[in-house]
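target-v8.cif (mmCIF, C-alpha atoms and all ligand atoms) appears below.
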```cif
data_final
#
loop_
_atom_site.label_atom_id
_atom_site.label_comp_id
_atom_site.auth_asym_id
_atom_site.auth_seq_id
_atom_site.Cartn_x
_atom_site.Cartn_y
_atom_site.Cartn_z
CA MET A 1 67.73 146.44 85.03
CA LYS A 2 63.98 146.07 85.35
CA PRO A 3 61.91 145.45 88.49
CA ASP A 4 61.97 141.65 88.21
CA ALA A 5 65.80 141.79 88.34
CA VAL A 6 65.89 143.89 91.51
CA GLU A 7 63.09 141.87 93.16
CA ARG A 8 65.11 138.66 92.70
CA ASN A 9 68.47 140.10 93.91
CA LEU A 10 70.02 139.90 90.44
CA ILE A 11 71.69 143.33 90.27
CA GLY A 12 75.18 141.94 90.97
CA SER A 13 74.81 138.93 88.68
CA ILE A 14 73.78 141.15 85.78
CA LEU A 15 76.46 143.80 86.39
CA VAL A 16 79.09 141.05 86.28
CA GLU A 17 78.03 140.22 82.72
CA TYR A 18 78.52 143.81 81.53
CA GLU A 19 81.73 144.49 83.45
CA ARG A 20 83.32 141.16 82.53
CA ASN A 21 82.77 142.10 78.90
CA GLY A 22 84.67 145.37 79.29
CA LEU A 23 81.74 147.78 79.37
CA LYS A 24 82.19 150.74 81.74
CA ILE A 25 79.39 151.89 84.03
CA SER A 26 79.28 155.69 83.81
CA GLU A 27 75.94 156.30 85.55
CA MET A 28 73.76 154.10 87.77
CA LYS A 29 71.10 154.43 90.48
CA LEU A 30 68.34 152.53 92.27
CA MET A 31 64.95 154.19 91.97
CA LYS A 32 61.23 153.58 91.62
CA ALA A 33 59.96 154.82 88.25
CA SER A 34 56.95 157.14 88.17
CA THR A 35 54.15 156.47 85.70
CA THR A 36 55.25 159.57 83.76
CA ILE A 37 58.80 158.25 83.36
CA ALA A 38 57.60 154.77 82.39
CA GLU A 39 55.22 156.21 79.79
CA GLN A 40 58.00 158.40 78.37
CA HIS A 41 60.43 155.49 78.25
CA TYR A 42 57.94 153.29 76.39
CA ALA A 43 56.38 156.11 74.32
CA GLY A 44 57.04 154.09 71.15
CA HIS A 45 54.65 151.41 72.41
CA THR A 46 51.76 153.77 73.25
CA GLY A 47 48.47 152.26 72.13
CA LYS A 48 49.73 148.69 71.92
CA PRO A 49 47.62 146.07 73.73
CA PHE A 50 50.36 145.40 76.29
CA PHE A 51 51.21 149.08 77.00
CA ASP A 52 49.28 149.46 80.29
CA ARG A 53 50.70 146.16 81.60
CA LEU A 54 54.21 147.30 80.63
CA VAL A 55 53.85 150.58 82.54
CA ALA A 56 52.31 148.84 85.59
CA TYR A 57 55.21 146.38 85.65
CA LEU A 58 57.91 149.03 85.25
CA THR A 59 56.48 151.09 88.13
CA ARG A 60 55.66 148.30 90.59
CA SER A 61 59.02 148.22 92.44
CA PRO A 62 62.52 149.71 92.17
CA LEU A 63 64.69 149.32 89.10
CA VAL A 64 68.28 150.23 88.18
CA PRO A 65 68.85 152.53 85.21
CA LEU A 66 72.47 152.59 84.11
CA VAL A 67 74.61 154.01 81.34
CA LEU A 68 77.22 151.68 79.87
CA GLU A 69 80.08 152.95 77.73
CA GLY A 70 82.53 151.27 75.39
CA GLU A 71 83.37 150.62 71.75
CA ASN A 72 80.20 149.55 69.92
CA ALA A 73 78.41 149.50 73.30
CA ILE A 74 74.86 149.40 71.92
CA ASN A 75 75.40 146.22 69.91
CA ARG A 76 77.47 144.60 72.64
CA VAL A 77 74.86 145.23 75.34
CA ARG A 78 72.07 143.99 73.07
CA THR A 79 74.02 140.81 72.35
CA LEU A 80 74.65 140.24 76.07
CA ASN A 81 70.96 140.85 76.86
CA GLY A 82 69.63 138.47 74.20
CA THR A 83 66.27 138.56 72.45
CA THR A 84 63.09 140.17 73.80
CA ASP A 85 61.43 136.84 74.61
CA PRO A 86 63.61 134.90 77.08
CA GLU A 87 62.34 131.63 75.64
CA ASP A 88 64.04 132.37 72.31
CA SER A 89 67.13 134.03 73.73
CA PRO A 90 70.50 132.38 72.95
CA ASP A 91 72.16 130.37 75.73
CA ASN A 92 73.99 132.38 78.39
CA THR A 93 72.42 135.69 77.46
CA ILE A 94 71.04 137.65 80.40
CA ARG A 95 67.44 137.10 79.31
CA ALA A 96 68.00 133.35 78.77
CA LEU A 97 69.63 133.07 82.19
CA TYR A 98 67.25 135.26 84.16
CA GLY A 99 64.24 136.39 82.09
CA LEU A 100 60.81 135.22 83.24
CA SER A 101 58.58 136.09 80.28
CA LEU A 102 58.13 138.46 77.36
CA SER A 103 56.76 141.07 79.78
CA GLU A 104 59.24 140.43 82.59
CA ASN A 105 62.44 140.09 80.64
CA THR A 106 64.83 141.47 83.30
CA VAL A 107 66.77 144.04 81.25
CA HIS A 108 66.21 146.71 78.65
CA ALA A 109 68.78 148.18 76.25
CA SER A 110 68.65 151.16 73.93
CA ASP A 111 68.45 150.07 70.29
CA SER A 112 70.31 153.01 68.69
CA THR A 113 72.46 156.03 69.55
CA GLU A 114 69.38 158.22 69.22
CA SER A 115 67.32 156.12 71.62
CA SER A 116 70.24 155.94 74.06
CA GLU A 117 70.37 159.73 74.17
CA ARG A 118 66.59 159.96 74.59
CA GLU A 119 66.49 157.30 77.31
CA ARG A 120 69.51 158.70 79.13
CA ALA A 121 67.75 162.07 79.37
CA ILE A 122 64.58 160.41 80.74
CA TRP A 123 66.40 158.48 83.46
CA PHE A 124 69.27 160.82 84.36
CA GLY A 125 68.10 164.28 83.31
P1 LIG B 201 62.02 146.04 76.07
O1 LIG B 201 63.25 145.68 75.35
O2 LIG B 201 62.16 146.73 77.37
O3 LIG B 201 61.12 146.96 75.12
C1 LIG B 201 59.74 146.91 75.09
C2 LIG B 201 59.16 145.87 75.99
O4 LIG B 201 57.82 145.53 75.73
C3 LIG B 201 59.92 144.59 75.76
O5 LIG B 201 61.19 144.70 76.32
C4 LIG B 201 58.99 143.56 76.38
O6 LIG B 201 59.21 143.41 77.76
C5 LIG B 201 57.65 144.19 76.15
N1 LIG B 201 56.89 143.52 75.10
C6 LIG B 201 57.15 143.48 73.80
N2 LIG B 201 56.21 142.77 73.13
C7 LIG B 201 55.33 142.37 74.07
C8 LIG B 201 54.12 141.61 74.02
N3 LIG B 201 53.65 141.14 72.86
N4 LIG B 201 53.47 141.38 75.18
C9 LIG B 201 53.96 141.86 76.34
N5 LIG B 201 55.07 142.60 76.45
C10 LIG B 201 55.76 142.84 75.32
#
```
Written as structure tokens, how would this file's structure read?
Ligand code: CMP
Amino acid sequence: MKPDAVERNLIGSILVEYERNGLKISEMKLMKASTTIAEQHYAGHTGKPFFDRLVAYLTRSPLVPLVLEGENAINRVRTLNGTTDPEDSPDNTIRALYGLSLSENTVHASDSTESSERERAIWFG
């Protein structure tokens, strides 16, 4: 859950979506991301025009990294989150319900097993 979610008191509302759908929370914390962590997390976007804005946003206030487990968890979480741009996101997805913009889209989800392992190591060691 990204800074715009925590700033607007949406932690509980978003967790309900995951838990109601049978996903298990196995790790979770509230923390402020350092620039180093944000740059590692978004390393795949290094050099893109929006990269500096993305890092500034991710580090501006606390966020909630979490690990969700369950059958086919990556696809299920991505479906619950919706599309990157909240404006295009299907009804009742987390980004359609709560996302503010392409930059401030409330949640992030790993897009593969490999990226989930990489991102888990960044956020939880
Ligand atoms: P996320 O799923 O966390 O992964 C990369 C993030 O970059 C994405 O969500 C968006 O918030 C952001 N992003 C992607 N494309 C753009 C863009 N064109 N302009 C600004 N931010 C973007």
Got a sec: who's within 10 Å of A:Glu87, counting all atoms listed in the file, leaving out chain neighbours fewer than 5 positions off, as an NGL selection string?
:A and (95-97 or 99-102 or 105)
Using only C-alpha atoms, the residue out of A:Tyr98, A:Tyr42, A:Phe124, A:Phe50 with shortest distance to A:Met1 is A:Tyr98
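Look at A:Tyr18: the protein and nucleic acid residues within 8 Å of it, using all atoms listed in the file and passing over chain neighbours fewer than 4 places away, are Ile14, Gly22, Leu23, Lys24, Val77 and Leu80 of chain A.
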Counting all atoms listed in the file, what residues are within 12 Å of ligand LIG 201 (chain B), given as a ChimeraX atom specification?
/A:1-4,38-39,41-46,48-58,65,77-78,81-86,95,99-111,115,119
As an exercise, work out the distance from atom CA of A:Pro62 to atom CA of A:Met31 in Å and give it to one decimal place.
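Going from atom CA of A:Pro62 over to atom CA of A:Met31 covers 5.1 Å.
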